[in-house]
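Everything below belongs to start_8.cif, which stores mmCIF, C-alpha atoms and all ligand atoms.
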```
data_final
#
loop_
_atom_site.group_PDB
_atom_site.id
_atom_site.type_symbol
_atom_site.label_atom_id
_atom_site.label_comp_id
_atom_site.auth_asym_id
_atom_site.auth_seq_id
_atom_site.Cartn_x
_atom_site.Cartn_y
_atom_site.Cartn_z
ATOM 1 C CA MET A 17 102.821 56.385 93.320
ATOM 2 C CA THR A 18 101.438 59.860 94.077
ATOM 3 C CA THR A 19 101.119 62.603 91.472
ATOM 4 C CA PRO A 20 103.355 65.606 92.250
ATOM 5 C CA ASP A 21 101.545 68.821 93.167
ATOM 6 C CA PRO A 22 101.361 71.343 90.303
ATOM 7 C CA ALA A 23 103.756 74.307 90.475
ATOM 8 C CA ASP A 24 101.077 76.778 91.560
ATOM 9 C CA ARG A 25 100.333 74.747 94.705
ATOM 10 C CA VAL A 26 103.991 74.259 95.557
ATOM 11 C CA LEU A 27 104.759 77.979 95.113
ATOM 12 C CA ALA A 28 101.628 79.036 97.011
ATOM 13 C CA ARG A 29 102.484 76.820 99.959
ATOM 14 C CA ALA A 30 106.029 78.226 100.221
ATOM 15 C CA SER A 31 104.875 81.828 99.856
ATOM 16 C CA LEU A 32 102.109 81.447 102.434
ATOM 17 C CA ALA A 33 104.472 79.737 104.865
ATOM 18 C CA GLU A 34 106.576 82.926 104.742
ATOM 19 C CA GLY A 35 103.481 85.010 105.518
ATOM 20 C CA ASN A 36 103.387 86.446 101.998
ATOM 21 C CA PRO A 37 99.877 86.041 100.521
ATOM 22 C CA THR A 38 100.690 87.233 96.994
ATOM 23 C CA GLY A 39 104.395 86.548 96.277
ATOM 24 C CA TRP A 40 103.667 83.243 94.558
ATOM 25 C CA PHE A 41 101.733 84.860 91.719
ATOM 26 C CA GLU A 42 104.825 86.586 90.330
ATOM 27 C CA GLN A 43 106.870 83.408 90.857
ATOM 28 C CA LEU A 44 104.256 81.396 88.962
ATOM 29 C CA TYR A 45 104.067 83.826 86.018
ATOM 30 C CA THR A 46 107.874 83.916 85.677
ATOM 31 C CA ALA A 47 108.097 80.109 85.934
ATOM 32 C CA ALA A 48 105.449 79.880 83.195
ATOM 33 C CA GLU A 49 107.461 82.227 80.991
ATOM 34 C CA ARG A 50 110.419 79.863 81.397
ATOM 35 C CA GLY A 51 108.154 76.974 80.393
ATOM 36 C CA GLU A 52 108.441 75.405 83.855
ATOM 37 C CA ALA A 53 104.843 75.828 85.043
ATOM 38 C CA GLU A 54 101.300 76.379 83.884
ATOM 39 C CA VAL A 55 99.151 79.264 85.072
ATOM 40 C CA PRO A 56 95.887 77.389 85.663
ATOM 41 C CA TRP A 57 93.556 80.365 85.174
ATOM 42 C CA THR A 58 94.864 81.494 81.768
ATOM 43 C CA ARG A 59 92.376 80.594 79.063
ATOM 44 C CA GLY A 60 93.295 82.983 76.253
ATOM 45 C CA ALA A 61 89.739 84.325 76.300
ATOM 46 C CA PRO A 62 87.600 86.571 78.512
ATOM 47 C CA THR A 63 85.584 85.129 81.378
ATOM 48 C CA ALA A 64 82.406 83.794 79.744
ATOM 49 C CA ASP A 65 80.160 85.206 82.503
ATOM 50 C CA LEU A 66 81.584 88.704 81.985
ATOM 51 C CA ALA A 67 81.197 88.363 78.212
ATOM 52 C CA ALA A 68 77.527 87.484 78.809
ATOM 53 C CA TRP A 69 77.066 90.498 81.113
ATOM 54 C CA VAL A 70 79.043 93.207 79.330
ATOM 55 C CA THR A 71 77.205 96.440 78.503
ATOM 56 C CA PRO A 72 78.384 99.458 76.492
ATOM 57 C CA GLY A 73 80.778 101.650 78.459
ATOM 58 C CA ASN A 74 80.417 104.874 76.470
ATOM 59 C CA GLY A 75 83.774 106.014 77.791
ATOM 60 C CA ARG A 76 83.014 105.400 81.460
ATOM 61 C CA ARG A 77 85.833 104.174 83.702
ATOM 62 C CA ALA A 78 86.244 100.487 84.528
ATOM 63 C CA LEU A 79 88.699 98.809 86.890
ATOM 64 C CA VAL A 80 89.627 95.143 86.451
ATOM 65 C CA VAL A 81 91.086 93.613 89.612
ATOM 66 C CA GLY A 82 93.693 90.873 89.064
ATOM 67 C CA SER A 83 93.869 91.579 85.339
ATOM 68 C CA ALA A 84 96.282 88.667 84.698
ATOM 69 C CA LEU A 85 96.980 88.424 80.944
ATOM 70 C CA GLY A 86 94.384 91.027 80.025
ATOM 71 C CA ASP A 87 91.471 89.166 78.437
ATOM 72 C CA ASP A 88 88.703 90.633 80.629
ATOM 73 C CA SER A 89 90.196 94.131 80.388
ATOM 74 C CA GLU A 90 90.294 93.915 76.582
ATOM 75 C CA LEU A 91 86.688 92.691 76.492
ATOM 76 C CA LEU A 92 85.551 95.775 78.400
ATOM 77 C CA ALA A 93 87.732 98.115 76.319
ATOM 78 C CA SER A 94 86.196 96.704 73.127
ATOM 79 C CA ALA A 95 82.763 97.520 74.600
ATOM 80 C CA GLY A 96 83.727 101.164 75.027
ATOM 81 C CA TRP A 97 84.921 101.262 78.624
ATOM 82 C CA THR A 98 88.004 103.265 79.593
ATOM 83 C CA VAL A 99 89.797 100.479 81.386
ATOM 84 C CA THR A 100 92.457 100.225 84.041
ATOM 85 C CA GLY A 101 93.598 96.651 84.683
ATOM 86 C CA PHE A 102 95.835 95.971 87.643
ATOM 87 C CA ASP A 103 97.703 92.996 88.955
ATOM 88 C CA VAL A 104 100.162 92.441 91.785
ATOM 89 C CA ALA A 105 102.436 90.415 89.473
ATOM 90 C CA PRO A 106 104.670 92.634 87.280
ATOM 91 C CA THR A 107 105.250 89.772 84.839
ATOM 92 C CA ALA A 108 101.496 89.437 84.251
ATOM 93 C CA VAL A 109 101.184 93.173 83.618
ATOM 94 C CA ALA A 110 104.108 93.108 81.167
ATOM 95 C CA ALA A 111 102.637 90.072 79.420
ATOM 96 C CA ALA A 112 99.236 91.762 79.032
ATOM 97 C CA ARG A 113 100.882 94.838 77.505
ATOM 98 C CA ALA A 114 102.897 92.610 75.156
ATOM 99 C CA ARG A 115 99.850 90.562 74.108
ATOM 100 C CA PHE A 116 97.843 93.691 73.277
ATOM 101 C CA PRO A 117 100.364 96.296 72.020
ATOM 102 C CA GLU A 118 97.633 98.500 70.481
ATOM 103 C CA SER A 119 95.462 98.355 73.582
ATOM 104 C CA THR A 120 93.776 101.361 75.139
ATOM 105 C CA VAL A 121 93.842 99.603 78.517
ATOM 106 C CA ASP A 122 96.072 101.090 81.188
ATOM 107 C CA TYR A 123 97.765 98.019 82.679
ATOM 108 C CA VAL A 124 99.384 98.770 86.028
ATOM 109 C CA VAL A 125 101.121 96.906 88.821
ATOM 110 C CA ALA A 126 99.223 97.465 92.065
ATOM 111 C CA ASP A 127 98.184 95.554 95.172
ATOM 112 C CA LEU A 128 94.536 95.265 96.139
ATOM 113 C CA LEU A 129 95.695 95.234 99.756
ATOM 114 C CA ASN A 130 97.329 98.655 99.339
ATOM 115 C CA PRO A 131 95.792 100.358 96.294
ATOM 116 C CA PRO A 132 96.548 103.860 94.971
ATOM 117 C CA GLY A 133 94.577 106.488 96.873
ATOM 118 C CA GLU A 134 93.389 108.193 93.679
ATOM 119 C CA TRP A 135 91.296 105.109 92.842
ATOM 120 C CA HIS A 136 88.936 105.874 95.732
ATOM 121 C CA GLN A 137 85.361 105.982 94.329
ATOM 122 C CA ALA A 138 86.869 106.585 90.871
ATOM 123 C CA PHE A 139 85.317 103.777 88.765
ATOM 124 C CA ASP A 140 81.867 103.338 87.211
ATOM 125 C CA LEU A 141 82.494 99.612 86.842
ATOM 126 C CA VAL A 142 84.657 97.445 89.096
ATOM 127 C CA VAL A 143 85.204 93.798 88.156
ATOM 128 C CA GLU A 144 86.425 91.300 90.727
ATOM 129 C CA ILE A 145 86.489 87.756 89.376
ATOM 130 C CA MET A 146 88.251 84.994 91.318
ATOM 131 C CA ASN A 147 91.073 87.076 92.803
ATOM 132 C CA ILE A 148 90.197 87.702 96.447
ATOM 133 C CA GLN A 149 89.477 84.002 96.858
ATOM 134 C CA ALA A 150 93.108 83.359 95.835
ATOM 135 C CA MET A 151 94.324 84.992 99.063
ATOM 136 C CA PRO A 152 93.927 83.408 102.520
ATOM 137 C CA ARG A 153 90.811 84.409 104.462
ATOM 138 C CA ASP A 154 92.788 86.602 106.907
ATOM 139 C CA PHE A 155 93.279 89.100 104.082
ATOM 140 C CA ARG A 156 89.659 89.091 102.965
ATOM 141 C CA PRO A 157 88.303 91.973 105.097
ATOM 142 C CA ALA A 158 91.058 94.343 103.870
ATOM 143 C CA ALA A 159 90.595 93.210 100.266
ATOM 144 C CA LEU A 160 86.815 93.728 100.417
ATOM 145 C CA THR A 161 87.227 97.190 101.927
ATOM 146 C CA SER A 162 89.567 98.172 99.071
ATOM 147 C CA LEU A 163 87.150 96.722 96.547
ATOM 148 C CA ALA A 164 84.109 98.592 97.839
ATOM 149 C CA GLY A 165 86.185 101.768 97.983
ATOM 150 C CA PHE A 166 86.846 101.774 94.210
ATOM 151 C CA LEU A 167 83.176 102.161 93.282
ATOM 152 C CA ALA A 168 81.935 105.590 92.180
ATOM 153 C CA PRO A 169 78.406 106.749 93.018
ATOM 154 C CA GLY A 170 75.913 105.197 90.595
ATOM 155 C CA GLY A 171 78.454 102.612 89.400
ATOM 156 C CA THR A 172 78.373 98.804 89.271
ATOM 157 C CA LEU A 173 80.619 96.417 91.141
ATOM 158 C CA ILE A 174 80.710 92.784 89.980
ATOM 159 C CA VAL A 175 81.975 90.086 92.329
ATOM 160 C CA SER A 176 82.309 86.461 91.269
ATOM 161 C CA GLU A 177 83.981 83.797 93.417
ATOM 162 C CA VAL A 178 83.798 80.044 93.893
ATOM 163 C CA ALA A 179 80.762 79.178 96.040
ATOM 164 C CA GLU A 180 81.597 77.335 99.253
ATOM 165 C CA GLU A 181 78.023 76.008 99.404
ATOM 166 C CA HIS A 182 78.586 73.898 96.267
ATOM 167 C CA PHE A 183 81.601 71.899 97.450
ATOM 168 C CA ASP A 184 82.591 69.542 100.232
ATOM 169 C CA MET A 185 84.820 71.829 102.292
ATOM 170 C CA ALA A 186 85.998 68.877 104.416
ATOM 171 C CA THR A 187 88.003 67.593 101.452
ATOM 172 C CA TRP A 188 88.713 70.947 99.763
ATOM 173 C CA GLN A 189 92.372 71.930 99.228
ATOM 174 C CA SER A 190 93.128 75.649 99.141
ATOM 175 C CA PRO A 191 93.933 77.857 97.309
ATOM 176 C CA PRO A 192 91.426 79.080 96.399
ATOM 177 C CA TRP A 193 89.478 79.835 99.561
ATOM 178 C CA PRO A 194 85.826 79.819 98.402
ATOM 179 C CA PHE A 195 83.244 82.376 99.549
ATOM 180 C CA CYS A 196 79.982 81.671 101.360
ATOM 181 C CA ARG A 197 76.974 83.822 100.522
ATOM 182 C CA ALA A 198 77.348 85.964 103.653
ATOM 183 C CA GLU A 199 80.928 86.835 102.700
ATOM 184 C CA VAL A 200 79.818 87.963 99.257
ATOM 185 C CA GLU A 201 77.096 90.034 100.905
ATOM 186 C CA SER A 202 79.732 91.661 103.120
ATOM 187 C CA VAL A 203 81.031 93.564 100.082
ATOM 188 C CA ALA A 204 78.102 95.890 100.821
ATOM 189 C CA GLN A 205 79.871 98.312 103.146
ATOM 190 C CA ASP A 206 80.668 102.012 103.371
ATOM 191 C CA GLY A 207 77.730 103.084 101.171
ATOM 192 C CA VAL A 208 77.875 100.138 98.748
ATOM 193 C CA GLU A 209 74.563 98.297 98.399
ATOM 194 C CA PRO A 210 73.647 94.896 96.956
ATOM 195 C CA VAL A 211 71.707 94.755 93.683
ATOM 196 C CA SER A 212 71.700 91.033 92.847
ATOM 197 C CA LEU A 213 73.247 87.798 94.078
ATOM 198 C CA GLU A 214 72.886 84.552 92.171
ATOM 199 C CA ARG A 215 74.687 81.272 91.782
ATOM 200 C CA ILE A 216 75.912 80.472 88.279
ATOM 201 C CA ARG A 217 77.669 77.521 86.642
ATOM 202 C CA ASP A 218 75.269 74.998 88.207
ATOM 203 C CA GLY A 219 75.706 76.673 91.578
ATOM 204 C CA ALA A 220 79.504 76.488 91.629
ATOM 205 C CA ARG A 221 80.078 80.265 91.589
ATOM 206 C CA HIS A 222 78.571 83.358 93.109
ATOM 207 C CA TRP A 223 77.790 86.225 90.746
ATOM 208 C CA ALA A 224 76.866 89.386 92.580
ATOM 209 C CA THR A 225 76.376 93.010 91.595
ATOM 210 C CA PHE A 226 76.469 96.067 93.844
ATOM 211 C CA THR A 227 76.040 99.794 93.435
ATOM 212 C CA ARG A 228 76.713 102.915 95.472
HETATM 213 C C1 LIG B 1 93.289 83.282 90.290
HETATM 214 S S1 LIG B 1 93.914 84.567 89.254
HETATM 215 C C2 LIG B 1 92.417 85.134 88.459
HETATM 216 C C3 LIG B 1 92.717 85.982 87.259
HETATM 217 C C4 LIG B 1 91.487 86.509 86.527
HETATM 218 N N1 LIG B 1 90.754 87.470 87.320
HETATM 219 C C5 LIG B 1 90.600 85.379 86.094
HETATM 220 O O1 LIG B 1 89.441 85.326 86.511
HETATM 221 O O2 LIG B 1 91.057 84.544 85.319
HETATM 222 C C6 LIG B 1 94.296 85.849 90.418
HETATM 223 C C7 LIG B 1 95.019 87.023 89.795
HETATM 224 O O3 LIG B 1 95.009 88.085 90.735
HETATM 225 C C8 LIG B 1 96.311 88.557 90.939
HETATM 226 N N2 LIG B 1 96.361 88.977 92.347
HETATM 227 C C9 LIG B 1 96.409 88.185 93.444
HETATM 228 N N3 LIG B 1 96.440 88.915 94.566
HETATM 229 C C10 LIG B 1 96.400 90.210 94.170
HETATM 230 C C11 LIG B 1 96.418 91.445 94.869
HETATM 231 N N4 LIG B 1 96.496 91.487 96.195
HETATM 232 N N5 LIG B 1 96.365 92.596 94.142
HETATM 233 C C12 LIG B 1 96.300 92.545 92.779
HETATM 234 N N6 LIG B 1 96.297 91.407 92.068
HETATM 235 C C13 LIG B 1 96.342 90.252 92.750
HETATM 236 C C14 LIG B 1 97.239 87.410 90.591
HETATM 237 O O4 LIG B 1 98.530 87.816 90.201
HETATM 238 C C15 LIG B 1 96.469 86.751 89.453
HETATM 239 O O5 LIG B 1 96.784 87.310 88.199
#
```
Here is a file; write its structure as structure tokens.
Ligand SMILES: C[S@@+](CC[C@H](N)C(=O)[O-])C[C@H]1O[C@@H](n2cnc3c(N)ncnc32)[C@H](O)[C@@H]1O
Amino acid sequence: MTTPDPADRVLARASLAEGNPTGWFEQLYTAAERGEAEVPWTRGAPTADLAAWVTPGNGRRALVVGSALGDDSELLASAGWTVTGFDVAPTAVAAARARFPESTVDYVVADLLNPPGEWHQAFDLVVEIMNIQAMPRDFRPAALTSLAGFLAPGGTLIVSEVAEEHFDMATWQSPPWPFCRAEVESVAQDGVEPVSLERIRDGARHWATFTR
């Protein structure tokens, strides 16, 4: 007897077969609200690596890509950053607002593949953790161009994705689509420059920082 695929894989497959790289996220969040699925990346706590990195914001502007249920955005807000968190899934954005009704975070629905023009070079800190890898590789160049474009001069861009080098890609089932080192390095474009690139979690993830 084979184990049935979890809901996220079933929804992702159907969405991708229709040529829609992001539609399954909203479907998954709404199914989870109905108690019919689990959202595998919800932990009820901020990303540990970001918690280890976080520095005082002193009111500077931070953008959290793929803000999901809001934990990373709230972490940064509590450290004094003026935070915008965005997600393509309206149900995730509504859930983040509902979880943190007193929050100072501006939670908005937006698509990394077509972001608001006013975000261009508008953020002193940009946090991208495990979102771009959740879209097929065809969309990666556009996503990375958007990402680099958010960073203000003198700011910091954090990128963390699953490291292809750590896994046997011959047996790997996507999503996610892991990053190799060169792909992480390719975030450095249009005036964005690398600062550091390391492998964390016993080599399983890239953790890179950039500036402009
Ligand atoms: C794999 S989850 C990671 C969530 C969170 N960053 C974390 O590390 O736990 C990807 C999140 O990004 C969102 N997302 C996927 N594609 C997106 C896009 N093109 N624009 C904005 N958000 C997107 C999804 O709805 C989902 O909440």
Edge lengths and centre in Å to one decimal, as JSON, is what I'm after for the box along x, y and z that holds all listed atoms of range 96-108 of chain A once 6 Å is added on each side.
```
{"center_x": 94.5, "center_y": 96.4, "center_z": 83.4, "size_x": 33.5, "size_y": 25.8, "size_z": 28.8}
```
Query raised in the report: So what does the PyMOL selection byres (((chain A and resi 104) around 7) and not hetatm) actually pick up in this one, as a VMD selection string?
Result: chain A and resid 102 to 103 105 to 106 125 to 127
Report task. Would you kindly return, as a PyMOL selection string, each protein, DNA or RNA residue with an atom no farther than 12 Å from any atom of Ala164 in chain A, considering only C-alpha atoms and excluding same-chain residues fewer than 3 positions away? Result -> chain A and resi 79+81+128+131+135-144+157-161+167-169+171-175+200-210+225-228
Query raised in the report: Can I get the residues close to ligand LIG 1 (chain B) as a PyMOL selection string, where close means within 9 Å and we count all atoms listed in the file?
Result: chain A and resi 37-42+44-45+55-59+62-63+80-88+102-109+125-131+143-151+155+159+176-177+191-192
Taking C-alpha atoms for each residue, export the selection above as a tab-separated table (two decimals), in the coordinates of the input.
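Written out: selection-v2.tsv:
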```tsv
chain	number	residue	atom	x	y	z
A	37	PRO	CA	99.88	86.04	100.52
A	38	THR	CA	100.69	87.23	96.99
A	39	GLY	CA	104.40	86.55	96.28
A	40	TRP	CA	103.67	83.24	94.56
A	41	PHE	CA	101.73	84.86	91.72
A	42	GLU	CA	104.82	86.59	90.33
A	44	LEU	CA	104.26	81.40	88.96
A	45	TYR	CA	104.07	83.83	86.02
A	55	VAL	CA	99.15	79.26	85.07
A	56	PRO	CA	95.89	77.39	85.66
A	57	TRP	CA	93.56	80.36	85.17
A	58	THR	CA	94.86	81.49	81.77
A	59	ARG	CA	92.38	80.59	79.06
A	62	PRO	CA	87.60	86.57	78.51
A	63	THR	CA	85.58	85.13	81.38
A	80	VAL	CA	89.63	95.14	86.45
A	81	VAL	CA	91.09	93.61	89.61
A	82	GLY	CA	93.69	90.87	89.06
A	83	SER	CA	93.87	91.58	85.34
A	84	ALA	CA	96.28	88.67	84.70
A	85	LEU	CA	96.98	88.42	80.94
A	86	GLY	CA	94.38	91.03	80.03
A	87	ASP	CA	91.47	89.17	78.44
A	88	ASP	CA	88.70	90.63	80.63
A	102	PHE	CA	95.84	95.97	87.64
A	103	ASP	CA	97.70	93.00	88.96
A	104	VAL	CA	100.16	92.44	91.78
A	105	ALA	CA	102.44	90.42	89.47
A	106	PRO	CA	104.67	92.63	87.28
A	107	THR	CA	105.25	89.77	84.84
A	108	ALA	CA	101.50	89.44	84.25
A	109	VAL	CA	101.18	93.17	83.62
A	125	VAL	CA	101.12	96.91	88.82
A	126	ALA	CA	99.22	97.46	92.06
A	127	ASP	CA	98.18	95.55	95.17
A	128	LEU	CA	94.54	95.26	96.14
A	129	LEU	CA	95.70	95.23	99.76
A	130	ASN	CA	97.33	98.66	99.34
A	131	PRO	CA	95.79	100.36	96.29
A	143	VAL	CA	85.20	93.80	88.16
A	144	GLU	CA	86.42	91.30	90.73
A	145	ILE	CA	86.49	87.76	89.38
A	146	MET	CA	88.25	84.99	91.32
A	147	ASN	CA	91.07	87.08	92.80
A	148	ILE	CA	90.20	87.70	96.45
A	149	GLN	CA	89.48	84.00	96.86
A	150	ALA	CA	93.11	83.36	95.84
A	151	MET	CA	94.32	84.99	99.06
A	155	PHE	CA	93.28	89.10	104.08
A	159	ALA	CA	90.60	93.21	100.27
A	176	SER	CA	82.31	86.46	91.27
A	177	GLU	CA	83.98	83.80	93.42
A	191	PRO	CA	93.93	77.86	97.31
A	192	PRO	CA	91.43	79.08	96.40
```
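Residues lying within 9 Å of Phe195 in chain A, counting all atoms listed in the file and ignoring same-chain neighbours fewer than 4 positions away, are Gln149, Glu177, Val178, Ala179, Glu180, Glu181, Glu199, Val200, Arg221 and His222 of chain A.
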**Report entry** Computed interatomic separation between CA of Trp193 in chain A and CA of Val211 in chain A (Å)
**Finding:**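 Computing it gives 23.9 Å between the two atoms.
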Requested in this report: Quick one: pull the distance between CA of Asp184 in chain A and CA of Ala67 in chain A, Å, one decimal.
Outcome: 29.0 Å
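Take CA of Gly75 in chain A and CA of Gly60 in chain A: the distance between them is 25.0 Å.
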Query - Reference answer for the PyMOL selection byres (((chain A and resi 97) around 12) and not hetatm), as a PyMOL selection string - result: chain A and resi 70-80+88-96+98-101+120-122+139-142
Query raised in the report: With only C-alpha atoms as the basis for distance, which of A:Leu27, A:Ala64, A:Trp188, A:Ala110 is at the shortest distance from Ile216 in chain A?
Result: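 Ranking A:Leu27, A:Ala64, A:Trp188, A:Ala110 by distance to Ile216 in chain A, first place goes to A:Ala64.
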Using the atoms already present, construct all heavy atoms for range 208-217 of chain A and hand them back as a compact mmCIF listing (two decimals), in the coordinates of the input.
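To be explicit, this is the file written out as out.txt:
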```
# COMPACT_ATOMS: atom_id res chain seq x y z
N VAL A 208 78.12 101.06 99.87
CA VAL A 208 77.88 100.14 98.75
C VAL A 208 76.69 99.24 99.10
O VAL A 208 76.61 98.73 100.22
CB VAL A 208 79.14 99.30 98.46
CG1 VAL A 208 78.85 98.16 97.49
CG2 VAL A 208 80.25 100.21 97.91
N GLU A 209 75.78 99.06 98.13
CA GLU A 209 74.56 98.30 98.40
C GLU A 209 74.41 97.14 97.41
O GLU A 209 74.77 97.29 96.24
CB GLU A 209 73.34 99.22 98.26
CG GLU A 209 73.33 100.32 99.28
CD GLU A 209 72.21 101.31 99.06
OE1 GLU A 209 71.42 101.12 98.12
OE2 GLU A 209 72.14 102.27 99.85
N PRO A 210 73.84 96.03 97.87
CA PRO A 210 73.65 94.90 96.96
C PRO A 210 72.56 95.19 95.94
O PRO A 210 71.57 95.85 96.25
CB PRO A 210 73.22 93.75 97.89
CG PRO A 210 72.68 94.42 99.10
CD PRO A 210 73.37 95.74 99.23
N VAL A 211 72.74 94.67 94.72
CA VAL A 211 71.71 94.76 93.68
C VAL A 211 71.19 93.35 93.36
O VAL A 211 69.99 93.12 93.28
CB VAL A 211 72.27 95.43 92.41
CG1 VAL A 211 71.25 95.39 91.28
CG2 VAL A 211 72.71 96.86 92.71
N SER A 212 72.12 92.39 93.18
CA SER A 212 71.70 91.03 92.85
C SER A 212 72.75 90.06 93.36
O SER A 212 73.92 90.41 93.50
CB SER A 212 71.57 90.87 91.33
OG SER A 212 72.84 90.99 90.72
N LEU A 213 72.30 88.85 93.68
CA LEU A 213 73.25 87.80 94.08
C LEU A 213 72.66 86.47 93.61
O LEU A 213 71.60 86.07 94.05
CB LEU A 213 73.46 87.79 95.59
CG LEU A 213 74.75 87.16 96.12
CD1 LEU A 213 74.86 87.29 97.62
CD2 LEU A 213 74.97 85.73 95.70
N GLU A 214 73.36 85.85 92.66
CA GLU A 214 72.89 84.55 92.17
C GLU A 214 74.03 83.56 92.14
O GLU A 214 75.19 83.94 92.31
CB GLU A 214 72.27 84.71 90.77
CG GLU A 214 73.24 85.28 89.76
CD GLU A 214 72.61 85.50 88.39
OE1 GLU A 214 71.96 84.58 87.88
OE2 GLU A 214 72.83 86.59 87.82
N ARG A 215 73.67 82.30 91.97
CA ARG A 215 74.69 81.27 91.78
C ARG A 215 74.64 80.86 90.32
O ARG A 215 73.56 80.58 89.79
CB ARG A 215 74.42 80.10 92.71
CG ARG A 215 74.51 80.48 94.19
CD ARG A 215 75.77 79.95 94.86
NE ARG A 215 75.82 78.52 94.84
CZ ARG A 215 75.19 77.74 95.73
NH1 ARG A 215 74.46 78.27 96.70
NH2 ARG A 215 75.29 76.43 95.66
N ILE A 216 75.81 80.82 89.69
CA ILE A 216 75.91 80.47 88.28
C ILE A 216 76.73 79.19 88.15
O ILE A 216 77.22 78.66 89.14
CB ILE A 216 76.55 81.63 87.47
CG1 ILE A 216 77.95 81.96 88.03
CG2 ILE A 216 75.65 82.85 87.49
CD1 ILE A 216 78.74 82.95 87.18
N ARG A 217 76.87 78.74 86.91
CA ARG A 217 77.67 77.52 86.64
C ARG A 217 77.19 76.37 87.52
O ARG A 217 77.98 75.78 88.29
CB ARG A 217 79.15 77.79 86.82
CG ARG A 217 79.65 78.92 85.92
CD ARG A 217 81.13 78.92 85.77
NE ARG A 217 81.56 80.01 84.91
CZ ARG A 217 82.70 80.02 84.23
NH1 ARG A 217 83.52 79.01 84.31
NH2 ARG A 217 83.02 81.05 83.49
```
